[in-house]
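Data block below; observations after.
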Amino acid sequence: MGVVTGPLFSLGARGTISKTLTYSNWRGIKYVRERVIPSNPKSVDQTEIRAIFANLNQIFVGLPTNSLATWSEDARGRPYTARNRLIGRNVAALQGGADLTDLLPLEPRGLAPAPTGVVISDGAGQLVSFVSDTPPTLEGVAFTRVLGVAVRNFVPDAVAPTIYIREGSDIADPISFTVDVEAAGTYLCALGWQWTIDGFVRTSSIVTELQVIA
């Protein structure tokens with residue numbers, strides 16, 4: 001990069017000449033450099049990753065309140081955002097996949113094991129039914145709820161798919177609740193315990209499965 005004074009016999013210059021030289025300035029310093037055309041590789045893998053990245057971004061945007069909070073709480077006080085975390089945790093897992101089987105719609109973090117005795121089924125009338133055993137007993141851990149989320153299935157690298165996400169929760173014993181997905185289809189369903197520790201809401205390891213809702 002060459003620094004110039006009075007470029008082109010003027011007081012300043014900006015732009016490209018003959019597709020060869022580009023004149024500009026950086027923090028008030030005028031300079032000229034060889035014109036460079038940015039590469040835009042479009043291999044099959046790169047195109048797939050870009051599509052998955054875009055779709056994960058839309059999943060993040062569409063997350064309901066409690067599901068979004070699992071990512072926001074995890075990112076609190078850390079050098080990344082909730083959006084970065086969701087995309088980072090999922091982009092490689094979904095590459096090469098034909099569906100959302102490996103999607104983590106909730107951020108599992110902490111000491112608690114996944115819910116046990118889980119049954120996820122068609123609750124009839126476009127409802128997802130979640131059933132689970134009661135939470136484990138862990139010293140110093142106060143469980144607050146079990147959180148269930150359903151994401152309508154699509155091919156991870158599909159172009160502009162319709163993102164459809166619904167959630168529900170329960171604190172009763174035994175655990176049993178339904179989520180109204182409002183539309184028939186196949187859904188990636190996830191269930192995890194939530195608890196509060198040191199002021200942070202954490203989500204246990206989660207149970208996920210694909211479920212057809214008629």
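Ordering of the structure tokens sets the chain letters (A, B, ...), residue numbers begin anew at 1 in every chain, and ligands are numbered from 1 in the order given.
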Extract, using only C-alpha atoms, all DNA, RNA and protein residues at most 7 Å from A:Leu56, discarding same-chain residues fewer than 4 positions from it, and format them as a list in words.
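Selected residues are Ile52, Phe60 and Ile87 of chain A.
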Among the residues of stretch 18-211 of chain A, find those DSSP assigns to strand (DSSP E) from the backbone and print them as a PyMOL selection string.
chain A and resi 21-26+29-34+119-122+127-132+142-152+165-170+175-180+185-197+200-203+207-211
Can you check which parts of stretch 174-194 of chain A lie within 12 Å of stretch 107-113 of chain A? Per residue, the shortest pair of atoms and distance in Å to one decimal, counting only C-alpha atoms, sorted by chain and number, as a Markdown table.
| residue | atom | partner | partner_atom | distance |
| --- | --- | --- | --- | --- |
| A:Ala190 | CA | A:Glu107 | CA | 10.6 |
| A:Leu191 | CA | A:Pro108 | CA | 10.2 |
| A:Gly192 | CA | A:Pro108 | CA | 7.7 |
| A:Trp193 | CA | A:Ala112 | CA | 7.7 |
| A:Gln194 | CA | A:Ala112 | CA | 8.8 |
Would you pick out the contacts of stretch 102-106 of chain A at 10 Å or less, using only C-alpha atoms, so that residues sharing its chain but fewer than 2 positions from it are not included, and give the list as an mmCIF file with C-alpha atoms, in the first residue's frame?
data_model
loop_
_atom_site.group_PDB
_atom_site.id
_atom_site.type_symbol
_atom_site.label_atom_id
_atom_site.label_comp_id
_atom_site.auth_asym_id
_atom_site.auth_seq_id
_atom_site.Cartn_x
_atom_site.Cartn_y
_atom_site.Cartn_z
ATOM 1 C CA LEU A 56 -29.380 -21.261 12.346
ATOM 2 C CA ILE A 59 -33.736 -20.313 14.321
ATOM 3 C CA PHE A 60 -32.101 -18.018 16.874
ATOM 4 C CA LEU A 63 -36.670 -18.893 19.545
ATOM 5 C CA ASN A 66 -37.520 -19.488 27.619
ATOM 6 C CA SER A 67 -35.596 -21.313 24.907
ATOM 7 C CA LEU A 68 -33.764 -18.104 23.987
ATOM 8 C CA ALA A 69 -32.913 -17.565 27.650
ATOM 9 C CA THR A 70 -30.933 -20.825 27.765
ATOM 10 C CA TRP A 71 -28.502 -19.321 25.251
ATOM 11 C CA LEU A 86 -26.128 -21.292 19.163
ATOM 12 C CA ILE A 87 -24.603 -21.151 15.699
ATOM 13 C CA ARG A 89 -22.731 -25.345 18.746
ATOM 14 C CA ASN A 90 -24.832 -26.428 15.779
ATOM 15 C CA VAL A 91 -23.275 -25.563 12.430
ATOM 16 C CA ALA A 92 -20.798 -28.471 12.260
ATOM 17 C CA ALA A 93 -23.317 -30.924 13.738
ATOM 18 C CA LEU A 94 -25.842 -30.198 10.992
ATOM 19 C CA GLN A 95 -23.383 -30.300 8.076
ATOM 20 C CA GLY A 97 -27.412 -33.973 7.601
ATOM 21 C CA ASP A 99 -32.790 -33.290 8.855
ATOM 22 C CA LEU A 100 -32.519 -31.594 12.263
ATOM 23 C CA PRO A 108 -27.346 -27.703 27.820
ATOM 24 C CA ARG A 109 -24.829 -26.658 30.438
ATOM 25 C CA LEU A 147 -38.649 -26.989 29.319
ATOM 26 C CA GLY A 148 -39.827 -28.553 26.064
ATOM 27 C CA VAL A 149 -39.344 -27.105 22.584
ATOM 28 C CA ALA A 150 -40.466 -28.264 19.142
ATOM 29 C CA VAL A 151 -38.795 -27.104 15.901
ATOM 30 C CA ASN A 153 -38.022 -30.213 10.651
ATOM 31 C CA PRO A 156 -30.374 -27.955 7.286
ATOM 32 C CA ILE A 165 -40.684 -23.118 16.768
ATOM 33 C CA LEU A 188 -37.340 -31.978 16.356
ATOM 34 C CA CYS A 189 -38.396 -32.052 20.009
ATOM 35 C CA ALA A 190 -36.142 -31.399 22.991
ATOM 36 C CA LEU A 191 -36.672 -31.591 26.740
ATOM 37 C CA GLY A 192 -34.380 -30.417 29.545
ATOM 38 C CA THR A 203 -30.383 -26.192 31.482
ATOM 39 C CA SER A 204 -29.449 -29.831 31.934
ATOM 40 C CA SER A 205 -28.398 -32.222 29.225
ATOM 41 C CA ILE A 206 -31.389 -32.614 26.930
ATOM 42 C CA VAL A 207 -33.336 -35.426 25.342
ATOM 43 C CA THR A 208 -34.110 -34.910 21.630
ATOM 44 C CA GLU A 209 -35.995 -36.875 19.011
ATOM 45 C CA LEU A 210 -37.839 -36.397 15.738
#
Taking only C-alpha atoms into account, which of A:Ile49, A:Tyr80, A:Val61, A:Val141 comes nearest A:Ile197?
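Among the listed residues, A:Val141 lies closest to A:Ile197.
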With DSSP run on the backbone, what are the helix (DSSP H, G or I) residues within chain A? I'd like them as an MDAnalysis selection string.
chainID A and resid 7:9 44:62 65:75 82:94
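Atom CA of A:Thr137 lies 13.6 Å from atom CA of A:Thr196.
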Please, what distance in Å, to one decimal, runs between atom CA of A:Ile120 and atom CA of A:Ser132?
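Result for atom CA of A:Ile120 versus atom CA of A:Ser132: 8.9 Å, one decimal.
Between atom CA of A:Arg152 and atom CA of A:Arg50 there is a distance of 20.3 Å.
You can rank A:Gly199, A:Pro174, A:Gly62, A:Gly185 by their closest distance to A:Val118 using only C-alpha atoms, and at the top of that list sits A:Pro174.
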So that I can check the surroundings of A:Val212, please list as a list in words every protein, DNA and RNA residue that reaches within 8 Å of it, counting only C-alpha atoms and ignoring chain neighbours fewer than 2 positions away.
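My list of contacting residues is Ser121, Asp122, Ala184, Gly185, Thr186, Tyr187, Leu210 and Ala214 of chain A.
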Quick one: of A:Leu138, A:Asp157, A:Asp173, A:Val32, who's nearest to A:Gln46, counting only C-alpha atoms?
A:Asp157
